[in-house]
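Coordinates from run-v8.cif are shown below (mmCIF, C-alpha atoms and all ligand atoms).
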```cif
data_entry
#
loop_
_atom_site.label_atom_id
_atom_site.label_comp_id
_atom_site.auth_asym_id
_atom_site.auth_seq_id
_atom_site.Cartn_x
_atom_site.Cartn_y
_atom_site.Cartn_z
CA MET A 1 15.29 -23.13 -52.04
CA ILE A 2 11.66 -23.08 -50.94
CA PRO A 3 9.96 -20.04 -52.45
CA PHE A 4 7.39 -18.09 -50.46
CA LEU A 5 5.04 -18.37 -53.43
CA ASP A 6 5.27 -20.70 -56.44
CA LEU A 7 2.97 -19.56 -59.22
CA LYS A 8 5.00 -21.50 -61.78
CA ALA A 9 3.88 -24.78 -60.19
CA GLN A 10 0.24 -23.72 -60.41
CA HIS A 11 0.51 -22.59 -64.03
CA ARG A 12 2.49 -25.62 -65.20
CA ARG A 13 -0.48 -27.84 -64.41
CA ILE A 14 -3.15 -25.73 -66.13
CA ARG A 15 -0.98 -24.37 -68.95
CA PRO A 16 -2.86 -26.05 -71.87
CA LYS A 17 -6.16 -24.59 -70.61
CA LEU A 18 -4.59 -21.15 -70.17
CA ASP A 19 -3.13 -21.27 -73.68
CA ALA A 20 -6.52 -22.20 -75.11
CA ALA A 21 -8.22 -19.39 -73.14
CA LEU A 22 -5.70 -16.80 -74.39
CA ALA A 23 -6.19 -18.02 -77.96
CA ARG A 24 -9.96 -17.69 -77.57
CA VAL A 25 -9.61 -14.04 -76.53
CA ILE A 26 -7.23 -13.25 -79.40
CA ASP A 27 -9.61 -14.89 -81.88
CA SER A 28 -12.66 -13.14 -80.45
CA GLY A 29 -11.10 -9.67 -80.50
CA GLN A 30 -12.90 -8.89 -77.20
CA PHE A 31 -9.97 -7.46 -75.26
CA VAL A 32 -11.87 -5.28 -72.79
CA LEU A 33 -14.88 -6.70 -70.89
CA GLY A 34 -16.78 -8.98 -73.34
CA GLN A 35 -18.08 -12.52 -73.05
CA GLU A 36 -15.24 -14.04 -71.04
CA VAL A 37 -15.54 -11.31 -68.41
CA SER A 38 -19.35 -11.65 -68.25
CA ALA A 39 -19.06 -15.43 -67.88
CA PHE A 40 -16.54 -14.95 -65.06
CA GLU A 41 -18.80 -12.40 -63.33
CA GLU A 42 -21.66 -14.87 -63.35
CA ARG A 43 -19.54 -17.67 -61.90
CA PHE A 44 -17.87 -15.51 -59.27
CA ALA A 45 -21.20 -14.04 -58.08
CA ALA A 46 -22.50 -17.60 -57.63
CA TYR A 47 -19.29 -18.61 -55.84
CA CYS A 48 -19.65 -15.68 -53.41
CA ASP A 49 -23.38 -16.30 -53.00
CA THR A 50 -24.29 -12.80 -54.21
CA LYS A 51 -26.62 -11.65 -56.97
CA HIS A 52 -24.12 -9.46 -58.79
CA CYS A 53 -20.41 -9.35 -59.60
CA ILE A 54 -18.76 -6.47 -61.44
CA ALA A 55 -15.25 -7.26 -62.64
CA VAL A 56 -12.73 -4.40 -62.58
CA ASN A 57 -9.02 -3.88 -63.15
CA SER A 58 -7.77 -4.24 -59.54
CA GLY A 59 -8.80 -4.77 -55.95
CA THR A 60 -8.03 -1.13 -55.27
CA SER A 61 -10.49 -0.06 -58.01
CA ALA A 62 -13.07 -2.45 -56.53
CA LEU A 63 -12.77 -0.76 -53.13
CA HIS A 64 -12.86 2.72 -54.66
CA LEU A 65 -16.00 2.02 -56.70
CA ALA A 66 -17.82 0.13 -53.91
CA LEU A 67 -17.27 3.11 -51.59
CA LEU A 68 -18.39 5.63 -54.25
CA ALA A 69 -21.46 3.56 -55.12
CA ALA A 70 -22.26 3.35 -51.39
CA GLY A 71 -22.40 7.14 -51.37
CA ILE A 72 -19.09 7.85 -49.62
CA GLY A 73 -17.66 11.26 -50.48
CA PRO A 74 -15.70 14.28 -49.25
CA GLY A 75 -15.97 14.97 -45.52
CA ASP A 76 -17.26 11.47 -44.68
CA GLU A 77 -15.51 9.15 -42.25
CA VAL A 78 -15.01 5.42 -42.82
CA ILE A 79 -14.09 3.17 -39.90
CA THR A 80 -11.44 0.62 -40.87
CA VAL A 81 -8.23 -1.06 -39.68
CA SER A 82 -4.57 -0.22 -40.10
CA MET A 83 -3.39 -3.87 -40.19
CA THR A 84 -3.88 -4.25 -43.95
CA PHE A 85 -2.34 -3.40 -47.29
CA VAL A 86 -2.32 0.38 -47.92
CA ALA A 87 -4.96 0.03 -50.68
CA THR A 88 -7.76 -0.12 -48.07
CA THR A 89 -6.84 3.35 -46.83
CA ALA A 90 -6.00 4.69 -50.30
CA ALA A 91 -9.47 3.81 -51.64
CA ILE A 92 -11.13 5.76 -48.79
CA LEU A 93 -8.90 8.76 -49.50
CA TYR A 94 -9.63 8.54 -53.28
CA CYS A 95 -13.29 9.26 -52.36
CA GLY A 96 -12.25 12.36 -50.41
CA ALA A 97 -13.26 10.60 -47.18
CA LYS A 98 -11.17 10.03 -44.04
CA PRO A 99 -10.13 6.64 -42.64
CA ILE A 100 -10.73 6.27 -38.90
CA TYR A 101 -8.77 3.33 -37.53
CA VAL A 102 -9.83 0.93 -34.80
CA ASP A 103 -7.48 -1.67 -33.38
CA VAL A 104 -7.67 -5.38 -34.19
CA ASP A 105 -8.58 -8.27 -31.90
CA ARG A 106 -5.55 -9.89 -30.22
CA ASP A 107 -6.52 -13.45 -31.24
CA THR A 108 -8.14 -13.18 -34.68
CA TRP A 109 -6.05 -10.18 -35.89
CA THR A 110 -9.13 -8.64 -37.53
CA MET A 111 -11.25 -5.55 -36.64
CA ASP A 112 -12.23 -5.55 -32.96
CA PRO A 113 -16.00 -4.89 -32.98
CA LYS A 114 -15.89 -3.72 -29.34
CA LEU A 115 -14.01 -0.60 -30.43
CA ILE A 116 -16.30 0.49 -33.27
CA GLU A 117 -19.01 2.42 -31.43
CA LYS A 118 -16.48 4.71 -29.71
CA ALA A 119 -15.15 5.66 -33.16
CA ILE A 120 -18.54 6.63 -34.63
CA THR A 121 -19.17 10.39 -35.12
CA SER A 122 -21.80 12.39 -37.00
CA LYS A 123 -19.55 12.12 -40.08
CA THR A 124 -19.27 8.31 -40.08
CA LYS A 125 -20.84 6.77 -43.21
CA ALA A 126 -19.38 3.27 -43.48
CA ILE A 127 -17.44 0.47 -41.83
CA LEU A 128 -14.74 -1.26 -43.90
CA PRO A 129 -13.50 -4.45 -42.20
CA VAL A 130 -10.61 -6.38 -43.75
CA HIS A 131 -10.65 -10.19 -43.89
CA LEU A 132 -6.94 -10.44 -43.14
CA HIS A 133 -4.86 -13.38 -44.45
CA GLY A 134 -8.04 -15.23 -45.47
CA LEU A 135 -9.90 -15.10 -42.14
CA MET A 136 -13.11 -13.11 -42.07
CA ALA A 137 -13.68 -10.34 -39.56
CA ASP A 138 -16.35 -10.91 -36.89
CA MET A 139 -19.18 -9.77 -39.16
CA ASP A 140 -22.32 -10.21 -36.98
CA PRO A 141 -21.51 -7.48 -34.44
CA ILE A 142 -20.06 -5.27 -37.20
CA VAL A 143 -23.26 -5.45 -39.26
CA GLU A 144 -25.44 -5.07 -36.16
CA ILE A 145 -23.64 -1.84 -35.17
CA ALA A 146 -23.76 -0.58 -38.76
CA ARG A 147 -27.52 -1.16 -39.07
CA ARG A 148 -28.19 0.55 -35.73
CA HIS A 149 -26.23 3.62 -36.85
CA LYS A 150 -27.39 3.48 -40.51
CA LEU A 151 -23.87 2.89 -41.86
CA MET A 152 -22.86 1.00 -44.99
CA VAL A 153 -20.59 -2.07 -44.66
CA ILE A 154 -18.01 -2.71 -47.37
CA GLU A 155 -15.94 -5.89 -46.94
CA ASP A 156 -12.30 -5.85 -48.02
CA ALA A 157 -12.17 -9.49 -49.13
CA ALA A 158 -9.05 -9.06 -51.30
CA GLN A 159 -7.36 -11.92 -49.42
CA SER A 160 -10.41 -14.09 -48.79
CA HIS A 161 -11.87 -15.80 -51.87
CA GLY A 162 -14.23 -18.49 -50.62
CA ALA A 163 -13.74 -17.74 -46.92
CA GLU A 164 -16.79 -18.26 -44.72
CA TYR A 165 -18.24 -16.80 -41.55
CA LYS A 166 -20.89 -18.98 -39.89
CA GLY A 167 -21.68 -20.56 -43.25
CA ARG A 168 -21.78 -17.29 -45.20
CA ARG A 169 -19.29 -16.42 -47.91
CA ALA A 170 -16.86 -13.48 -47.85
CA GLY A 171 -18.37 -10.56 -49.73
CA SER A 172 -21.97 -11.64 -49.16
CA ILE A 173 -22.57 -10.22 -45.68
CA GLY A 174 -21.95 -6.48 -46.05
CA ASP A 175 -23.52 -4.18 -48.64
CA ALA A 176 -20.66 -5.06 -50.98
CA GLY A 177 -17.48 -7.15 -50.99
CA CYS A 178 -14.26 -6.27 -52.80
CA PHE A 179 -11.80 -8.81 -54.21
CA SER A 180 -8.34 -8.62 -55.75
CA PHE A 181 -7.10 -11.03 -58.42
CA TYR A 182 -3.49 -9.87 -58.21
CA PRO A 183 -1.42 -12.89 -59.42
CA GLY A 184 -0.40 -14.13 -55.97
CA LYS A 185 -3.92 -14.04 -54.55
CA ASN A 186 -5.86 -17.31 -53.94
CA LEU A 187 -7.58 -16.63 -57.27
CA GLY A 188 -5.03 -14.76 -59.37
CA ALA A 189 -5.12 -13.27 -62.87
CA LEU A 190 -2.12 -13.11 -65.21
CA GLY A 191 -1.85 -9.42 -64.32
CA GLU A 192 -4.12 -7.05 -62.40
CA GLY A 193 -7.79 -7.71 -61.67
CA GLY A 194 -10.50 -7.19 -59.09
CA ALA A 195 -14.25 -7.40 -58.52
CA VAL A 196 -17.10 -5.99 -56.48
CA VAL A 197 -19.81 -8.43 -55.42
CA SER A 198 -23.15 -7.36 -53.99
CA SER A 199 -26.78 -8.38 -53.78
CA ASN A 200 -27.87 -4.72 -53.78
CA ARG A 201 -29.07 -4.10 -57.34
CA GLU A 202 -28.73 -0.30 -57.27
CA LEU A 203 -25.25 -0.40 -55.73
CA ALA A 204 -24.15 -2.97 -58.34
CA ARG A 205 -25.62 -0.85 -61.15
CA ARG A 206 -23.64 2.18 -59.99
CA VAL A 207 -20.39 0.16 -59.76
CA ALA A 208 -20.96 -1.18 -63.30
CA LEU A 209 -21.51 2.36 -64.62
CA LEU A 210 -18.56 3.85 -62.73
CA ARG A 211 -16.06 1.23 -64.00
CA ASP A 212 -16.87 2.14 -67.61
CA TRP A 213 -16.80 5.95 -67.68
CA GLY A 214 -20.34 6.19 -66.29
CA GLN A 215 -21.71 5.19 -69.70
CA GLU A 216 -25.29 3.97 -69.85
CA SER A 217 -24.87 3.42 -73.57
CA LYS A 218 -21.99 4.32 -75.87
CA TYR A 219 -21.05 8.02 -75.37
CA HIS A 220 -23.98 8.65 -73.01
CA HIS A 221 -22.31 9.39 -69.68
CA VAL A 222 -24.69 9.57 -66.72
CA LEU A 223 -22.05 9.44 -63.97
CA ALA A 224 -18.50 10.84 -63.82
CA GLY A 225 -16.77 7.47 -64.03
CA TYR A 226 -13.40 5.80 -64.49
CA ASN A 227 -11.63 3.40 -66.82
CA TYR A 228 -11.56 0.48 -64.37
CA ARG A 229 -12.71 -2.25 -66.80
CA MET A 230 -11.38 -5.80 -66.63
CA ASP A 231 -9.40 -7.08 -69.66
CA GLY A 232 -10.86 -9.97 -71.68
CA VAL A 233 -7.63 -11.92 -71.13
CA GLN A 234 -8.01 -11.73 -67.35
CA GLY A 235 -11.66 -12.78 -67.55
CA ALA A 236 -10.67 -15.83 -69.62
CA VAL A 237 -7.81 -16.76 -67.25
CA LEU A 238 -10.01 -16.39 -64.18
CA ASN A 239 -12.68 -18.56 -65.82
CA VAL A 240 -10.09 -21.33 -66.19
CA LYS A 241 -8.94 -20.92 -62.59
CA MET A 242 -12.51 -21.00 -61.24
CA ASP A 243 -12.47 -24.73 -62.05
CA TYR A 244 -9.70 -25.17 -59.47
CA ILE A 245 -10.39 -22.61 -56.74
CA GLU A 246 -12.07 -25.06 -54.37
CA GLU A 247 -9.38 -27.72 -54.87
CA TRP A 248 -6.64 -25.13 -54.28
CA THR A 249 -8.42 -23.80 -51.19
CA LYS A 250 -8.66 -27.33 -49.78
CA GLY A 251 -4.94 -27.75 -50.53
CA ARG A 252 -4.08 -24.54 -48.66
CA ARG A 253 -6.23 -25.58 -45.70
CA ALA A 254 -4.51 -28.96 -45.59
CA VAL A 255 -1.06 -27.31 -45.57
CA ALA A 256 -2.23 -24.96 -42.78
CA SER A 257 -3.51 -27.81 -40.64
CA GLU A 258 -0.20 -29.62 -41.09
CA TYR A 259 1.66 -26.47 -39.98
CA ASP A 260 -0.74 -26.27 -37.01
CA ARG A 261 0.09 -29.87 -36.11
CA LEU A 262 3.86 -29.54 -36.46
CA ILE A 263 4.54 -26.06 -35.06
CA THR A 264 4.08 -26.86 -31.42
CA PHE A 265 6.85 -24.78 -29.84
CA GLU A 266 5.44 -22.32 -27.36
CA GLN A 267 7.40 -19.36 -28.71
CA CYS A 268 5.31 -19.39 -31.92
CA LYS A 269 1.72 -18.33 -31.73
CA ARG A 270 -0.27 -19.85 -34.56
CA PRO A 271 -3.51 -18.53 -36.07
CA ALA A 272 -6.56 -19.68 -34.12
CA PRO A 273 -9.63 -19.36 -36.34
CA PRO A 274 -12.94 -19.82 -34.51
CA SER A 275 -14.51 -23.16 -35.47
CA ASP A 276 -17.40 -21.65 -37.43
CA PHE A 277 -15.05 -19.64 -39.68
CA ARG A 278 -13.58 -21.09 -42.87
CA HIS A 279 -10.06 -19.65 -43.07
CA VAL A 280 -8.71 -19.83 -46.66
CA TYR A 281 -5.07 -19.11 -45.71
CA HIS A 282 -4.05 -16.61 -48.34
CA VAL A 283 -1.28 -16.13 -45.79
CA TYR A 284 -0.19 -18.51 -43.02
CA ALA A 285 1.25 -16.13 -40.44
CA ILE A 286 2.69 -16.96 -37.06
CA GLU A 287 3.58 -14.60 -34.25
CA VAL A 288 7.13 -14.88 -32.97
CA ASP A 289 9.56 -12.96 -30.71
CA ARG A 290 12.59 -11.42 -32.44
CA ARG A 291 10.85 -11.90 -35.76
CA ASP A 292 13.57 -10.26 -37.90
CA HIS A 293 16.17 -12.64 -36.51
CA VAL A 294 13.98 -15.70 -37.15
CA GLN A 295 13.26 -14.48 -40.68
CA LYS A 296 17.01 -14.07 -41.35
CA MET A 297 17.68 -17.62 -40.14
CA LEU A 298 14.95 -19.02 -42.37
CA HIS A 299 16.30 -17.12 -45.36
CA ALA A 300 19.77 -18.49 -44.59
CA ALA A 301 18.20 -21.97 -44.69
CA GLY A 302 16.77 -21.18 -48.15
CA ILE A 303 13.19 -20.58 -47.05
CA GLY A 304 11.25 -17.66 -48.45
CA THR A 305 8.99 -15.84 -45.98
CA GLY A 306 6.96 -12.63 -45.94
CA ILE A 307 5.60 -10.11 -43.44
CA HIS A 308 1.98 -9.01 -43.77
CA TYR A 309 2.48 -6.25 -42.72
CA PRO A 310 5.66 -4.85 -41.12
CA ILE A 311 4.53 -1.20 -40.88
CA PRO A 312 0.84 -0.59 -40.20
CA VAL A 313 -0.81 1.94 -42.50
CA HIS A 314 -1.27 4.57 -39.74
CA LEU A 315 2.53 4.70 -39.27
CA GLN A 316 3.38 4.90 -42.99
CA LYS A 317 5.03 8.18 -44.03
CA ALA A 318 2.60 8.56 -46.95
CA TYR A 319 -0.33 8.82 -44.54
CA SER A 320 1.27 10.99 -41.84
CA ASP A 321 -1.29 13.74 -42.66
CA LEU A 322 -3.87 11.57 -40.90
CA ARG A 323 -1.96 12.40 -37.70
CA TYR A 324 -1.84 8.99 -36.08
CA CYS A 325 1.15 8.18 -33.84
CA GLN A 326 3.00 5.19 -32.46
CA GLY A 327 0.93 3.88 -29.55
CA ASP A 328 -2.47 4.76 -31.06
CA LEU A 329 -3.20 1.14 -32.09
CA PRO A 330 -1.20 -1.02 -29.66
CA VAL A 331 -2.35 -4.46 -30.83
CA THR A 332 -1.81 -3.63 -34.50
CA GLU A 333 1.66 -2.27 -33.72
CA GLU A 334 2.62 -5.30 -31.63
CA LEU A 335 1.50 -7.69 -34.40
CA ALA A 336 3.45 -5.73 -37.02
CA ASP A 337 6.60 -6.48 -35.01
CA ARG A 338 5.75 -10.17 -34.53
CA PHE A 339 4.10 -11.41 -37.73
CA LEU A 340 5.99 -13.82 -39.97
CA SER A 341 4.33 -15.45 -43.01
CA LEU A 342 5.42 -18.97 -44.00
CA PRO A 343 5.23 -20.44 -47.52
CA ILE A 344 1.80 -21.79 -48.38
CA TYR A 345 0.26 -22.91 -51.68
CA ALA A 346 -1.78 -25.86 -52.88
CA GLU A 347 1.26 -27.47 -54.57
CA PHE A 348 3.39 -27.35 -51.38
CA GLN A 349 5.04 -30.74 -50.82
CA PRO A 350 5.31 -32.64 -47.50
CA ALA A 351 9.12 -32.63 -47.81
CA GLN A 352 9.09 -28.83 -48.12
CA MET A 353 6.84 -28.62 -45.06
CA ALA A 354 9.29 -30.72 -43.04
CA GLN A 355 12.16 -28.46 -44.12
CA VAL A 356 10.33 -25.27 -43.10
CA VAL A 357 9.31 -26.63 -39.70
CA GLU A 358 12.82 -27.96 -39.01
CA ALA A 359 14.40 -24.61 -39.90
CA LEU A 360 11.86 -22.79 -37.75
CA ALA A 361 12.55 -25.11 -34.80
CA GLU A 362 16.25 -24.32 -35.18
CA ALA A 363 15.68 -20.58 -35.45
CA VAL A 364 13.35 -20.32 -32.49
CA PRO A 365 15.49 -21.84 -29.66
CA SER A 366 18.46 -19.78 -30.83
CA MET A 367 16.52 -16.71 -29.81
CA ALA A 368 17.36 -17.41 -26.20
CA ILE A 369 21.13 -17.08 -26.82
C1 LIG A 401 -6.34 -6.38 -48.01
C2 LIG A 401 -6.12 -5.85 -49.39
N1 LIG A 401 -6.91 -4.86 -49.85
C3 LIG A 401 -6.76 -4.38 -51.10
C4 LIG A 401 -5.78 -4.83 -51.94
C5 LIG A 401 -5.61 -4.21 -53.29
O1 LIG A 401 -5.75 -5.09 -54.35
P1 LIG A 401 -4.98 -4.83 -55.73
O2 LIG A 401 -3.52 -5.04 -55.49
O3 LIG A 401 -5.58 -5.83 -56.66
O4 LIG A 401 -5.29 -3.42 -56.14
C6 LIG A 401 -4.94 -5.86 -51.51
C7 LIG A 401 -3.87 -6.39 -52.40
O5 LIG A 401 -2.82 -6.72 -52.01
C8 LIG A 401 -5.10 -6.37 -50.20
O6 LIG A 401 -4.30 -7.35 -49.73
#
```
How would this structure read if it were set down as structure tokens?
Ligand SMILES: Cc1ncc(COP(=O)(O)O)c(C=O)c1O
Amino acid sequence: MIPFLDLKAQHRRIRPKLDAALARVIDSGQFVLGQEVSAFEERFAAYCDTKHCIAVNSGTSALHLALLAAGIGPGDEVITVSMTFVATTAAILYCGAKPIYVDVDRDTWTMDPKLIEKAITSKTKAILPVHLHGLMADMDPIVEIARRHKLMVIEDAAQSHGAEYKGRRAGSIGDAGCFSFYPGKNLGALGEGGAVVSSNRELARRVALLRDWGQESKYHHVLAGYNYRMDGVQGAVLNVKMDYIEEWTKGRRAVASEYDRLITFEQCKRPAPPSDFRHVYHVYAIEVDRRDHVQKMLHAAGIGTGIHYPIPVHLQKAYSDLRYCQGDLPVTEELADRFLSLPIYAEFQPAQMAQVVEALAEAVPSMAI
């Protein structure tokens, strides 16, 4: 069996450091925020090349608070994409605002900047691009349009720790960037976690207040806030993993370039990141005809795969009130039918790679039968 994700392999290697970090938190008694979380915030801000990092309890909370701190509220519209995890849309709705979807680019699979201006109305307050699978959206035109129309830009960087766009880090280009540290992410906690990064001091101050009940000092509440604080344990774990994030990212990129080299059959379209983007391959997805059939064949060969994502958000039952229909976002819908994610992690072995590519080569020609 080749699992789609192998966190056990990652944790086996760093287990003594994790054990020591957990013991430190237990001994310190700082279970919510505290020194470990502050130390992590400092390191992660530096890693993202931003002035501030505010650690929270999930990527969804990060998006919610970044939007609130950016002034998004009831009646506002936020331009985003539907090819993402539902949390992007949910966070907009939590603010009382409305997501307005634009389609994604056929080659990069991220927000198509050419479609943004047509979607802007008098109610539009922000643009929320998603750096899908670890590849950043085309940020220059997005920011240029936003500045011209006086809109905020919030980056959903939940899948893109350390990704770069023309030399700039994910989270550092918009007004704020939002990360998830869900265990399977490129930087994963031992439970839930997230962070907002920003170089805007006032925005960061508001996020920090909102995550902790809007308290300026104990029992002095200046904003109606939330309990979105990060646990001390997660801060300590993430501090340990920060020592490895670059090595793991290089490992993922090496696996991806090996897939690129070996998957040469025409029926599989591989990701094609522009050369001045640093893709961090949270997901290595290919496009393939008769995807469900290919996925079944790979599973029969003992290979775990995923689909990110099989039903775009605008076609999910939970969001039918938004009144989008099949056909509204043709590229997104086509990709949802064709995406297939292959196993990728820093510890992936060459023999496993050979097995996946061989099984894929067998599954693909059989499609013609
Ligand atoms: C693109 C994207 N946005 C937001 C989230 C939400 O993050 P979390 O699960 O930490 O709340 C995720 C997590 O899967 C995600 O992939």
Here is a test: counting all atoms listed in the file, which residue of A:Trp109, A:Tyr94, A:Phe40, A:Phe265 is nearest to A:Ser82?
A:Trp109
Could you list, as a PyMOL selection string, all protein and nucleic acid residues with an atom at most 10 Å from ligand LIG 401 (chain A), counting all atoms listed in the file?
chain A and resi 56-64+83-91+129-134+155-160+178-185+188-189+191-195+282+308-309
Using all atoms listed in the file for the distances, tell me which of A:Ala318, A:Arg206, A:Ala126, A:Phe4 is nearest to A:Gly306.
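Checking each candidate against A:Gly306, we get A:Phe4 as the closest.
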Please return, as a ChimeraX atom specification, all polymer residues that have at least one atom within 12 Å of the point (-13.8, 9.8, -51.0); use all atoms listed in the file and the file's own coordinate frame.
/A:63-78,88-99,125-126
Write out as a count of residues only which residues come within 12 Å of A:Lys17 when counting all atoms listed in the file, dropping same-chain ones fewer than 3 positions away.
18
For A:Asn200, find every residue with an atom within 10 Å (counting all atoms listed in the file), except residues of its own chain fewer than 4 positions away, and show them as JSON, numbers by chain.
{"A": [50, 51, 52, 174, 175, 176, 204, 205]}
Name the closest residue to A:Cys325 among the candidates A:Tyr101, A:Arg211, A:Asp6, A:Ala256; distances are taken between atoms, counting only C-alpha atoms.
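Closest candidate: A:Tyr101.
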Looking at A:Leu340, A:Tyr259, A:Val283, A:Lys166, which one is nearest to A:Thr305, with distances taken over only C-alpha atoms?
A:Leu340
Counting all atoms listed in the file, note down every residue that has an atom within 12 Å of the point (-7.8, -29.4, -45.0) (file coordinates), as a ChimeraX atom specification.
/A:246-261,278-281,346
Generate a file of the selected residues that holds C-alpha atoms, formatted as a compact mmCIF listing (two decimals), in the coordinates of the input.
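Output below, filename part-v2.txt:
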```txt
# COMPACT_ATOMS: atom_id res chain seq x y z
CA GLU A 246 -12.07 -25.06 -54.37
CA GLU A 247 -9.38 -27.72 -54.87
CA TRP A 248 -6.64 -25.13 -54.28
CA THR A 249 -8.42 -23.80 -51.19
CA LYS A 250 -8.66 -27.33 -49.78
CA GLY A 251 -4.94 -27.75 -50.53
CA ARG A 252 -4.08 -24.54 -48.66
CA ARG A 253 -6.23 -25.58 -45.70
CA ALA A 254 -4.51 -28.96 -45.59
CA VAL A 255 -1.06 -27.31 -45.57
CA ALA A 256 -2.23 -24.96 -42.78
CA SER A 257 -3.51 -27.81 -40.64
CA GLU A 258 -0.20 -29.62 -41.09
CA TYR A 259 1.66 -26.47 -39.98
CA ASP A 260 -0.74 -26.27 -37.01
CA ARG A 261 0.09 -29.87 -36.11
CA ARG A 278 -13.58 -21.09 -42.87
CA HIS A 279 -10.06 -19.65 -43.07
CA VAL A 280 -8.71 -19.83 -46.66
CA TYR A 281 -5.07 -19.11 -45.71
CA ALA A 346 -1.78 -25.86 -52.88
```
Of the listed residues A:Leu360, A:Met139, A:Ala163, A:Ala39, that which approaches A:Thr264 most closely, counting all atoms listed in the file
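Checking each of A:Leu360, A:Met139, A:Ala163, A:Ala39 against A:Thr264, counting all atoms listed in the file, the winner is A:Leu360.
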Between atom CA of A:Glu362 and atom CA of A:Val331, distance in Å (one decimal)
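Atom CA of A:Val331 lies 27.6 Å from atom CA of A:Glu362.
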Please report the interatomic distance between atom CA of A:His299 and atom CA of A:Phe348 in Å with one decimal.
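Separation of atom CA of A:His299 and atom CA of A:Phe348: 17.5 Å.
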